[in-house]
file query.txt (compact mmCIF, C-alpha atoms)
# COMPACT_ATOMS: atom_id res chain seq x y z
CA MET A 1 -30.02 17.48 18.00
CA ILE A 2 -28.10 19.18 15.20
CA PHE A 3 -29.48 22.00 13.03
CA GLU A 4 -27.61 22.13 9.76
CA ASP A 5 -28.53 23.69 6.42
CA GLY A 6 -32.07 24.31 7.63
CA ILE A 7 -32.59 20.66 8.51
CA VAL A 8 -32.80 19.17 11.99
CA HIS A 9 -30.93 15.92 12.63
CA LEU A 10 -31.71 13.99 15.78
CA VAL A 11 -28.76 12.64 17.71
CA ARG A 12 -30.92 10.51 20.02
CA GLU A 13 -34.07 8.80 18.88
CA PRO A 14 -36.84 6.83 20.56
CA ALA A 15 -35.75 3.25 21.01
CA GLY A 16 -36.69 0.16 22.93
CA THR A 17 -40.23 1.25 23.53
CA ARG A 18 -43.59 -0.21 22.49
CA ILE A 19 -44.85 0.56 18.99
CA ALA A 20 -47.77 2.70 20.17
CA ARG A 21 -45.54 4.74 22.49
CA GLY A 22 -42.84 5.01 19.82
CA GLN A 23 -45.40 6.38 17.38
CA ILE A 24 -46.46 9.08 19.83
CA GLU A 25 -42.87 9.96 20.68
CA TRP A 26 -42.04 10.33 17.00
CA ALA A 27 -45.12 12.52 16.50
CA LEU A 28 -43.88 14.81 19.30
CA LEU A 29 -40.38 14.94 17.82
CA ILE A 30 -41.73 15.67 14.34
CA ALA A 31 -43.69 18.57 15.86
CA LEU A 32 -40.46 19.79 17.44
CA ILE A 33 -38.55 19.49 14.16
CA ASN A 34 -41.34 21.35 12.39
CA GLY A 35 -41.18 24.00 15.11
CA ILE A 36 -37.49 24.58 14.49
CA GLU A 37 -37.67 24.38 10.71
CA ASN A 38 -41.00 26.09 10.10
CA ASN A 39 -41.84 27.83 13.38
CA THR A 40 -44.95 25.72 14.09
CA LEU A 41 -45.06 22.98 16.70
CA ALA A 42 -47.26 20.74 14.58
CA ALA A 43 -47.07 17.16 13.29
CA ASP A 44 -48.43 15.91 9.98
CA PRO A 45 -49.89 12.41 10.50
CA GLU A 46 -48.54 11.17 7.17
CA LYS A 47 -45.07 12.45 8.01
CA VAL A 48 -45.36 10.56 11.30
CA ARG A 49 -46.48 7.42 9.46
CA SER A 50 -43.54 7.69 7.07
CA VAL A 51 -40.98 8.05 9.88
CA CYS A 52 -42.58 5.28 11.95
CA GLN A 53 -42.40 2.92 8.96
CA GLU A 54 -38.71 3.73 8.59
CA LYS A 55 -37.92 3.44 12.31
CA GLY A 56 -39.89 0.27 13.00
CA PHE A 57 -42.66 1.84 15.06
CA TYR A 58 -45.46 1.26 12.58
CA ASP A 59 -48.59 -0.73 13.17
CA GLY A 60 -50.78 -0.10 10.12
CA THR A 61 -53.90 -1.48 11.76
CA ASN A 62 -53.67 0.65 14.88
CA PHE A 63 -51.95 3.77 13.53
CA GLY A 64 -55.07 5.94 13.77
CA LYS A 65 -56.27 4.28 16.98
CA ASN A 66 -52.99 5.03 18.76
CA PHE A 67 -53.57 8.76 18.27
CA LYS A 68 -57.12 8.51 19.55
CA SER A 69 -56.30 6.99 22.94
CA THR A 70 -57.10 9.31 25.86
CA ASN A 71 -53.47 10.00 26.67
CA ALA A 72 -52.45 10.68 23.08
CA ALA A 73 -55.48 12.70 22.00
CA LYS A 74 -54.82 15.42 24.58
CA LEU A 75 -51.37 16.07 23.15
CA PHE A 76 -52.69 17.57 19.89
CA GLN A 77 -55.12 20.38 19.24
CA GLY A 78 -57.10 18.42 16.65
CA VAL A 79 -57.60 14.83 15.64
CA MET A 80 -54.51 13.15 14.27
CA GLU A 81 -55.76 10.82 11.55
CA GLY A 82 -54.43 9.18 8.41
CA GLN A 83 -54.43 11.60 5.45
CA GLY A 84 -55.52 14.32 7.87
CA THR A 85 -54.00 17.75 8.37
CA ALA A 86 -51.04 18.60 10.60
CA GLN A 87 -52.02 19.23 14.22
CA LYS A 88 -50.37 21.62 16.67
CA LEU A 89 -49.30 20.49 20.11
CA THR A 90 -51.45 21.44 23.07
CA PRO A 91 -49.74 22.77 26.24
CA THR A 92 -49.97 19.18 27.53
CA GLY A 93 -48.30 18.01 24.34
CA GLN A 94 -45.52 20.55 24.82
CA ASP A 95 -44.99 19.32 28.40
CA GLU A 96 -44.86 15.75 27.13
CA LEU A 97 -42.35 16.80 24.48
CA ALA A 98 -40.17 18.42 27.16
CA LYS A 99 -40.27 15.19 29.20
CA LEU A 100 -39.36 13.18 26.13
CA ILE A 101 -36.38 15.42 25.32
CA LYS A 102 -35.12 15.12 28.89
CA SER A 103 -35.51 11.38 28.81
CA LEU A 104 -33.69 11.08 25.47
CA ALA A 105 -30.92 13.41 26.68
CA ALA A 106 -30.44 11.20 29.73
CA THR A 107 -30.08 8.08 27.58
CA PRO A 108 -26.47 6.91 27.40
CA ALA A 109 -24.99 7.48 23.94
CA MET B 1 -33.07 -1.71 -1.52
CA LYS B 2 -32.63 -0.18 -4.97
CA GLN B 3 -34.19 -2.82 -7.21
CA PRO B 4 -37.27 -3.66 -5.10
CA LEU B 5 -37.94 0.06 -4.67
CA LEU B 6 -37.60 0.68 -8.40
CA GLU B 7 -40.05 -2.13 -9.05
CA LYS B 8 -42.55 -0.58 -6.64
CA VAL B 9 -42.17 2.84 -8.22
CA GLU B 10 -42.68 1.33 -11.69
CA ALA B 11 -45.78 -0.50 -10.43
CA PHE B 12 -47.08 2.76 -8.96
CA LYS B 13 -46.62 4.48 -12.31
CA LYS B 14 -48.39 1.64 -14.15
CA LYS B 15 -51.32 1.89 -11.77
CA LEU B 16 -51.54 5.63 -12.37
CA LEU B 17 -51.46 5.14 -16.15
CA LEU B 18 -54.19 2.51 -15.90
CA LEU B 19 -56.32 4.82 -13.77
CA LYS B 20 -55.85 7.59 -16.32
CA LYS B 21 -57.01 5.26 -19.08
CA GLN B 22 -60.02 4.06 -17.08
CA VAL B 23 -61.06 7.60 -16.18
CA SER B 24 -60.56 8.86 -19.74
CA LEU B 25 -62.94 6.19 -21.06
CA VAL B 26 -65.77 7.32 -18.77
CA GLU B 27 -68.25 9.41 -20.74
CA THR B 28 -69.97 11.13 -17.84
CA LYS B 29 -68.61 14.21 -16.05
CA THR B 30 -68.22 12.42 -12.75
CA ILE B 31 -66.74 9.09 -11.67
CA SER B 32 -69.09 6.78 -9.90
CA LYS B 33 -67.91 3.32 -10.94
CA VAL B 34 -66.79 1.42 -7.87
CA GLY B 35 -64.00 -0.36 -9.75
CA ILE B 36 -62.34 2.88 -10.80
CA ARG B 37 -62.76 4.48 -7.38
CA ASN B 38 -61.31 1.43 -5.67
CA HIS B 39 -58.38 1.52 -8.05
CA ALA B 40 -57.79 5.19 -7.21
CA ASP B 41 -58.01 4.42 -3.51
CA SER B 42 -55.51 1.55 -3.87
CA ILE B 43 -53.00 3.89 -5.57
CA ALA B 44 -53.23 6.41 -2.74
CA THR B 45 -52.90 3.62 -0.19
CA MET B 46 -49.90 2.17 -2.01
CA TRP B 47 -48.20 5.55 -1.71
CA VAL B 48 -48.98 5.78 2.00
CA GLU B 49 -48.16 2.22 2.98
CA GLU B 50 -45.36 1.20 0.63
CA LEU B 51 -43.75 4.09 -1.18
CA ARG B 52 -43.51 7.33 0.72
CA SER B 53 -41.32 6.12 3.57
CA PRO B 54 -38.59 4.41 1.49
CA LEU B 55 -38.59 7.23 -1.05
CA GLU B 56 -38.30 9.80 1.74
CA HIS B 57 -35.85 8.06 4.06
CA LYS B 58 -33.94 5.56 1.97
CA ALA B 59 -33.85 7.05 -1.53
CA LYS B 60 -33.86 10.52 0.06
CA LEU B 61 -35.85 12.15 -2.75
CA PRO B 62 -36.33 15.92 -2.36
CA GLY B 63 -38.72 16.87 0.45
CA ILE B 64 -40.75 19.14 -1.81
CA LEU B 65 -41.42 16.27 -4.25
CA ILE B 66 -42.47 14.01 -1.37
CA ASP B 67 -44.74 16.69 0.10
CA GLU B 68 -46.35 17.50 -3.24
CA THR B 69 -46.97 13.85 -4.07
CA ALA B 70 -48.26 13.21 -0.54
CA GLU B 71 -50.74 16.07 -0.98
CA ALA B 72 -51.80 14.66 -4.37
CA MET B 73 -52.36 11.22 -2.85
CA LYS B 74 -54.32 12.75 0.02
CA ARG B 75 -56.52 14.39 -2.59
CA LEU B 76 -56.82 11.14 -4.55
CA HIS B 77 -58.13 9.45 -1.41
CA VAL B 78 -60.80 12.14 -1.22
CA LEU B 79 -61.53 11.95 -4.94
CA SER B 80 -62.10 8.21 -4.68
CA ARG B 81 -65.34 8.94 -2.86
CA PRO B 82 -68.45 8.79 -5.12
CA ASN B 83 -69.26 11.26 -7.89
CA ASN B 84 -66.17 13.43 -8.04
CA LEU B 85 -65.29 15.19 -11.27
CA LYS B 86 -63.53 13.29 -14.01
CA LYS B 87 -61.44 16.38 -14.82
CA SER B 88 -60.24 16.55 -11.19
CA TYR B 89 -58.97 12.97 -11.48
CA LEU B 90 -57.23 13.66 -14.79
CA SER B 91 -55.65 16.88 -13.59
CA LEU B 92 -54.27 15.15 -10.49
CA ILE B 93 -52.98 12.11 -12.38
CA ASN B 94 -51.33 14.27 -15.04
CA ASN B 95 -49.61 16.36 -12.38
CA VAL B 96 -48.14 13.30 -10.68
CA LEU B 97 -47.12 11.69 -13.98
CA LYS B 98 -45.53 14.89 -15.27
CA GLY B 99 -41.77 14.27 -15.23
CA PHE B 100 -42.38 11.07 -13.26
CA ASP B 101 -39.33 9.22 -14.58
CA ASP B 102 -37.03 12.21 -14.00
CA ASN B 103 -38.46 12.86 -10.54
CA PHE B 104 -38.70 9.35 -9.17
CA ILE B 105 -36.97 6.73 -11.28
CA LEU B 106 -33.82 8.51 -12.43
CA PRO B 107 -32.62 9.58 -8.96
CA ILE B 108 -33.00 6.04 -7.65
CA LYS B 109 -31.20 4.56 -10.65
CA GLN B 110 -28.37 7.07 -10.38
CA SER B 111 -27.94 6.70 -6.65
CA ALA B 112 -25.02 4.61 -5.45
CA ALA B 113 -25.92 1.19 -4.22
CA HIS B 114 -26.73 2.18 -0.69
CA VAL B 115 -25.44 -0.13 1.97
CA GLU B 116 -28.33 -1.29 4.06
CA THR B 117 -26.08 -2.95 6.56
CA ILE B 118 -22.36 -2.85 6.96
CA PHE B 119 -22.41 -6.61 6.58
CA ASP B 120 -23.59 -6.34 3.02
CA LEU B 121 -20.02 -6.69 1.86
CA GLN B 122 -20.78 -7.22 -1.78
CA LYS B 123 -22.30 -3.72 -1.90
CA PHE B 124 -19.72 -2.14 0.35
CA ILE B 125 -16.85 -3.60 -1.64
CA PRO B 126 -18.36 -3.57 -5.13
CA GLY B 127 -15.44 -5.40 -6.70
CA LEU B 128 -15.53 -8.26 -4.23
CA THR B 129 -14.66 -11.07 -6.52
CA ASP B 130 -16.97 -13.69 -7.97
CA ILE B 131 -18.25 -15.60 -4.98
CA ASN B 132 -18.61 -18.71 -7.10
CA GLU B 133 -14.84 -18.78 -7.37
CA SER B 134 -14.30 -19.92 -3.81
CA GLU B 135 -16.51 -21.77 -1.38
CA TYR B 136 -14.55 -20.12 1.43
CA LEU B 137 -15.38 -16.66 0.18
CA LYS B 138 -19.03 -17.56 -0.28
CA GLU B 139 -19.22 -18.77 3.30
CA ALA B 140 -17.28 -15.73 4.51
CA ILE B 141 -19.80 -13.39 2.91
CA GLU B 142 -22.70 -15.36 4.35
CA CYS B 143 -21.13 -15.07 7.81
CA ALA B 144 -20.60 -11.34 7.36
CA GLU B 145 -24.20 -10.88 6.26
CA SER B 146 -25.33 -12.67 9.40
CA GLY B 147 -23.14 -10.47 11.57
CA HIS B 148 -20.61 -13.21 12.45
CA ARG B 149 -17.59 -10.99 11.94
CA ARG B 150 -14.88 -13.23 13.36
CA ALA B 151 -16.06 -16.25 11.39
CA ALA B 152 -16.20 -14.09 8.26
CA ILE B 153 -12.61 -12.99 8.72
CA VAL B 154 -11.30 -16.52 9.34
CA LEU B 155 -13.06 -17.77 6.20
CA GLY B 156 -12.00 -14.70 4.24
CA TRP B 157 -8.40 -15.51 5.11
CA CYS B 158 -8.96 -19.11 3.94
CA ALA B 159 -10.21 -17.73 0.62
CA LEU B 160 -7.08 -15.59 0.33
CA ILE B 161 -4.66 -18.44 1.09
CA ASP B 162 -6.56 -20.71 -1.28
CA LYS B 163 -6.14 -18.14 -4.05
CA ILE B 164 -2.42 -17.73 -3.32
CA GLN B 165 -1.79 -21.48 -3.28
CA LYS B 166 -3.60 -21.96 -6.59
CA LYS B 167 -1.51 -19.19 -8.15
CA ILE B 168 1.74 -20.78 -6.92
CA ILE B 169 0.67 -24.14 -8.33
CA ARG B 170 -0.07 -22.50 -11.70
CA MET B 171 3.30 -20.75 -11.71
CA GLY B 172 5.08 -23.92 -10.70
CA LEU B 173 6.43 -24.96 -7.33
CA ASP B 174 9.98 -24.66 -8.63
CA ASP B 175 9.52 -20.88 -8.87
CA PHE B 176 8.32 -20.83 -5.27
CA ASN B 177 11.25 -22.93 -4.06
CA ALA B 178 13.71 -20.83 -6.06
CA ALA B 179 12.33 -17.59 -4.64
CA SER B 180 12.70 -18.90 -1.08
CA LEU B 181 16.33 -19.90 -1.77
CA LYS B 182 17.08 -16.50 -3.31
CA LEU B 183 15.73 -14.73 -0.25
CA LYS B 184 17.73 -16.98 2.08
CA ALA B 185 20.90 -16.17 0.16
CA GLN B 186 20.56 -12.43 0.76
CA ASN B 187 23.19 -11.14 3.19
CA SER B 188 21.95 -7.58 3.25
CA GLY B 189 18.75 -5.68 2.88
CA LYS B 190 15.27 -6.47 4.01
CA PHE B 191 15.60 -10.25 3.92
CA LYS B 192 19.07 -10.62 5.39
CA ASN B 193 17.67 -12.39 8.44
CA TRP B 194 15.45 -14.73 6.43
CA ASN B 195 16.90 -18.20 6.86
CA LYS B 196 14.25 -20.49 5.48
CA SER B 197 14.13 -22.25 2.17
CA PHE B 198 11.56 -24.63 0.81
CA SER B 199 11.65 -27.71 -1.30
CA ILE B 200 8.00 -28.20 -1.99
CA SER B 201 6.76 -30.69 -4.55
CA THR B 202 3.02 -31.00 -3.94
CA LEU B 203 0.05 -28.85 -2.99
CA SER B 204 -0.21 -30.86 0.18
CA GLU B 205 3.32 -29.78 1.16
CA LEU B 206 2.60 -26.19 0.18
CA GLN B 207 -0.33 -26.24 2.59
CA THR B 208 2.08 -26.84 5.48
CA VAL B 209 3.97 -23.58 4.86
CA PHE B 210 3.13 -20.97 7.48
CA ASP B 211 1.00 -18.12 6.19
CA THR B 212 3.56 -15.54 7.30
CA ASP B 213 6.29 -17.39 5.34
CA LEU B 214 4.03 -17.57 2.33
CA ILE B 215 3.69 -13.78 2.39
CA VAL B 216 7.48 -13.35 2.49
CA VAL B 217 8.01 -15.65 -0.49
CA LEU B 218 5.21 -13.96 -2.42
CA GLU B 219 7.13 -10.72 -2.02
CA GLY B 220 10.26 -12.51 -3.16
CA MET B 221 8.38 -13.75 -6.22
CA GLU B 222 7.39 -10.11 -6.86
CA LEU B 223 3.71 -10.97 -6.85
CA ILE B 224 3.18 -8.32 -4.15
CA ASP B 225 5.28 -5.37 -3.00
CA GLY B 226 6.58 -4.64 0.48
CA ASN B 227 3.68 -2.45 1.54
CA GLU B 228 1.14 -4.97 0.31
CA ALA B 229 2.97 -7.66 2.28
CA GLU B 230 2.81 -5.47 5.40
CA ARG B 231 -0.92 -4.95 4.91
CA LEU B 232 -1.46 -8.69 4.49
CA ARG B 233 0.35 -9.24 7.79
CA THR B 234 -2.13 -6.83 9.38
CA CYS B 235 -4.97 -8.82 7.85
CA PHE B 236 -3.37 -11.98 9.22
CA GLN B 237 -3.43 -10.37 12.67
CA TYR B 238 -7.16 -9.76 12.26
CA ARG B 239 -7.46 -13.41 11.29
CA ASN B 240 -5.58 -14.49 14.41
CA HIS B 241 -7.54 -12.17 16.66
CA SER B 242 -10.70 -13.68 15.20
CA ALA B 243 -9.63 -17.29 15.48
CA HIS B 244 -8.31 -17.18 19.05
CA PRO B 245 -9.87 -15.89 22.25
CA SER B 246 -8.80 -12.28 22.60
CA GLY B 247 -9.91 -8.92 23.90
CA ALA B 248 -8.96 -7.22 20.63
CA PRO B 249 -12.20 -5.99 19.08
CA ILE B 250 -13.33 -7.08 15.65
CA ALA B 251 -15.87 -4.41 14.80
CA ASP B 252 -17.63 -3.44 11.59
CA PRO B 253 -14.83 -1.15 10.33
CA ASN B 254 -12.25 -3.93 10.92
CA LEU B 255 -14.37 -6.31 8.90
CA VAL B 256 -14.73 -3.92 6.00
CA ALA B 257 -11.04 -2.96 6.08
CA PHE B 258 -10.04 -6.63 6.10
CA PHE B 259 -12.19 -7.56 3.10
CA SER B 260 -11.29 -4.42 1.21
CA ASP B 261 -7.58 -5.20 1.64
CA ILE B 262 -7.65 -8.89 0.76
CA ASN B 263 -9.91 -8.10 -2.17
CA LEU B 264 -7.66 -5.44 -3.68
CA ILE B 265 -4.30 -6.98 -2.82
CA ILE B 266 -4.99 -10.59 -3.75
CA LEU B 267 -8.48 -11.58 -4.87
CA GLN B 268 -8.83 -8.90 -7.55
CA ASN B 269 -5.14 -8.57 -8.26
CA LYS B 270 -4.49 -9.33 -11.95
CA LYS B 271 -1.29 -11.17 -11.07
CA PHE B 272 -3.29 -13.70 -9.09
CA ASN B 273 -5.93 -14.08 -11.77
CA SER B 274 -3.65 -14.96 -14.68

call {"tool": "encode", "arguments": {"input": "query.txt", "output": "structure tokens"}}
result
Amino acid sequence: MIFEDGIVHLVREPAGTRIARGQIEWALLIALINGIENNTLAADPEKVRSVCQEKGFYDGTNFGKNFKSTNAAKLFQGVMEGQGTAQKLTPTGQDELAKLIKSLAATPA
Amino acid sequence: MKQPLLEKVEAFKKKLLLLKKQVSLVETKTISKVGIRNHADSIATMWVEELRSPLEHKAKLPGILIDETAEAMKRLHVLSRPNNLKKSYLSLINNVLKGFDDNFILPIKQSAAHVETIFDLQKFIPGLTDINESEYLKEAIECAESGHRRAAIVLGWCALIDKIQKKIIRMGLDDFNAASLKLKAQNSGKFKNWNKSFSISTLSELQTVFDTDLIVVLEGMELIDGNEAERLRTCFQYRNHSAHPSGAPIADPNLVAFFSDINLIILQNKKFNS
């Protein structure tokens, strides 16, 4: 990860995973980026949608559903839904983010 | 990317203008007509599903503009529910349309033609000559676009040799033969060791001349200079590494360098187009 001119650039990104998992991983990373840039570990669902569309992890039909699954719902303090407000990470979400960072860091460049 | 995105942005603007017109014609204080509300909803959905991501990540419009428009579209989704105020619709639409062309259309139009893939050679090398000129070049570009780098280079080299041969034919084979004799006669300097001369009378015979010899005679004919000849020899190496089994890599930068060089030195060179 590189922090330059107030903007975070990711050196490693989620790859080779299923769409639903990729969407959640991007949501966690967007919360991290927001934490560094704006001091709040929160993800805006529409920001997540936008990135997922760009990165190929977007399933329009199941976008909202993916956030509502039992495993994903416990990562955020509120409901992550289309056109909804940004949601902060729960302690479980922060743990999951830490695991994700470790896993990305261990990925060969 | 540029043109399809521009078309989408224009369509988005048209939809907003139509919504403004529809809302303005309503005489009541609130909007309840299903048709208008559905239209409003479709605009907000178009932003979410089709526009925001490419504008944010490909066109790289300012974050603040994206965030403000995203908020407006979020609000439009809410407004599209029954019986919301007409003036709320109009205020929102006017805000988004204010400076729309300067905010959205102009930056996309002024942006360089972004290269979506390194294989999009025609964008990466904007001057890459008219592909209708040579079937070889057309096929080379198609190979590059499909990621077949070695095939692209081999065909690109064919396009280059084809162009050179046509130029020599136009100039006259006597000039070619004379240049080869002149080089052979040199006892000092760069060509002192050159001991070949040609007596070519047809295109068919010209096609038997080795590519490396062709480059030497081209220099002798002053169609290219010494450095250009050296660079063409490098391109010829790429061609050979592509056409024969070899461990030498042909990666994206090699491909772009190859086409950039043959394009500037031969294909776009005025001397070869007169």

call {"tool": "interface_residues", "arguments": {"input": "query.txt", "of": "chain A", "to": "chain B", "cutoff": "9 Å", "atoms": "only C-alpha atoms", "output": "ChimeraX atom specification"}}
result
/A:46-47,49-54,60,83-84

call {"tool": "atom_distance", "arguments": {"input": "query.txt", "atom1": "CA of Leu97 (chain A)", "atom2": "CA of Leu28 (chain A)"}}
result
5.8 Å

call {"tool": "residues_around", "arguments": {"input": "query.txt", "residues": "region 64-71 of chain A", "least_positions_apart": "2", "cutoff": "7 Å", "atoms": "all atoms listed in the file", "output": "ChimeraX atom specification"}}
result
/A:20,62,73-74,80-82

call {"tool": "atom_distance", "arguments": {"input": "query.txt", "atom1": "CA of Ser24 (chain B)", "atom2": "CA of Phe12 (chain B)"}}
result
18.3 Å

call {"tool": "residues_around", "arguments": {"input": "query.txt", "residues": "Leu255 (chain B)", "least_positions_apart": "5", "cutoff": "12 Å", "atoms": "all atoms listed in the file", "output": "PyMOL selection string"}}
result
chain B and resi 118-121+124-125+140-141+143-145+147-157+235+238-239+241-242+249-250+260-262

call {"tool": "residues_around", "arguments": {"input": "query.txt", "residues": "Ser204 (chain B)", "least_positions_apart": "6", "cutoff": "12 Å", "atoms": "only C-alpha atoms", "output": "VMD selection string"}}
result
chain B and resid 165 to 166 169 173

call {"tool": "residues_around", "arguments": {"input": "query.txt", "residues": "Asn34 (chain A)", "least_positions_apart": "3", "cutoff": "12 Å", "atoms": "only C-alpha atoms", "output": "JSON, numbers by chain"}}
result
{"A": [3, 6, 7, 8, 9, 26, 27, 28, 29, 30, 31, 37, 38, 39, 40, 41, 42, 43, 44, 47, 48, 86, 87, 88, 89]}

call {"tool": "atom_distance", "arguments": {"input": "query.txt", "atom1": "CA of Phe76 (chain A)", "atom2": "CA of Thr90 (chain A)"}}
result
5.2 Å

call {"tool": "decode", "arguments": {"input": "query.txt", "residues": "region 136-153 of chain B", "atoms": "C-alpha atoms", "output": "mmCIF file, in the first residue's frame"}}
result
data_model
loop_
_atom_site.group_PDB
_atom_site.id
_atom_site.type_symbol
_atom_site.label_atom_id
_atom_site.label_comp_id
_atom_site.auth_asym_id
_atom_site.auth_seq_id
_atom_site.Cartn_x
_atom_site.Cartn_y
_atom_site.Cartn_z
ATOM 1 C CA TYR B 136 0.175 -7.673 -43.227
ATOM 2 C CA LEU B 137 -0.165 -4.697 -40.931
ATOM 3 C CA LYS B 138 -3.877 -5.300 -40.497
ATOM 4 C CA GLU B 139 -3.212 -8.883 -39.469
ATOM 5 C CA ALA B 140 -0.334 -7.786 -37.237
ATOM 6 C CA ILE B 141 -2.604 -5.411 -35.346
ATOM 7 C CA GLU B 142 -5.287 -8.064 -35.004
ATOM 8 C CA CYS B 143 -2.686 -10.454 -33.560
ATOM 9 C CA ALA B 144 -1.465 -7.787 -31.139
ATOM 10 C CA GLU B 145 -5.007 -7.059 -30.017
ATOM 11 C CA SER B 146 -5.487 -10.755 -29.318
ATOM 12 C CA GLY B 147 -2.274 -10.900 -27.309
ATOM 13 C CA HIS B 148 -0.314 -12.944 -29.895
ATOM 14 C CA ARG B 149 2.823 -10.858 -29.597
ATOM 15 C CA ARG B 150 5.239 -13.016 -31.580
ATOM 16 C CA ALA B 151 2.820 -13.405 -34.480
ATOM 17 C CA ALA B 152 2.219 -9.645 -34.419
ATOM 18 C CA ILE B 153 5.928 -8.927 -34.685
#
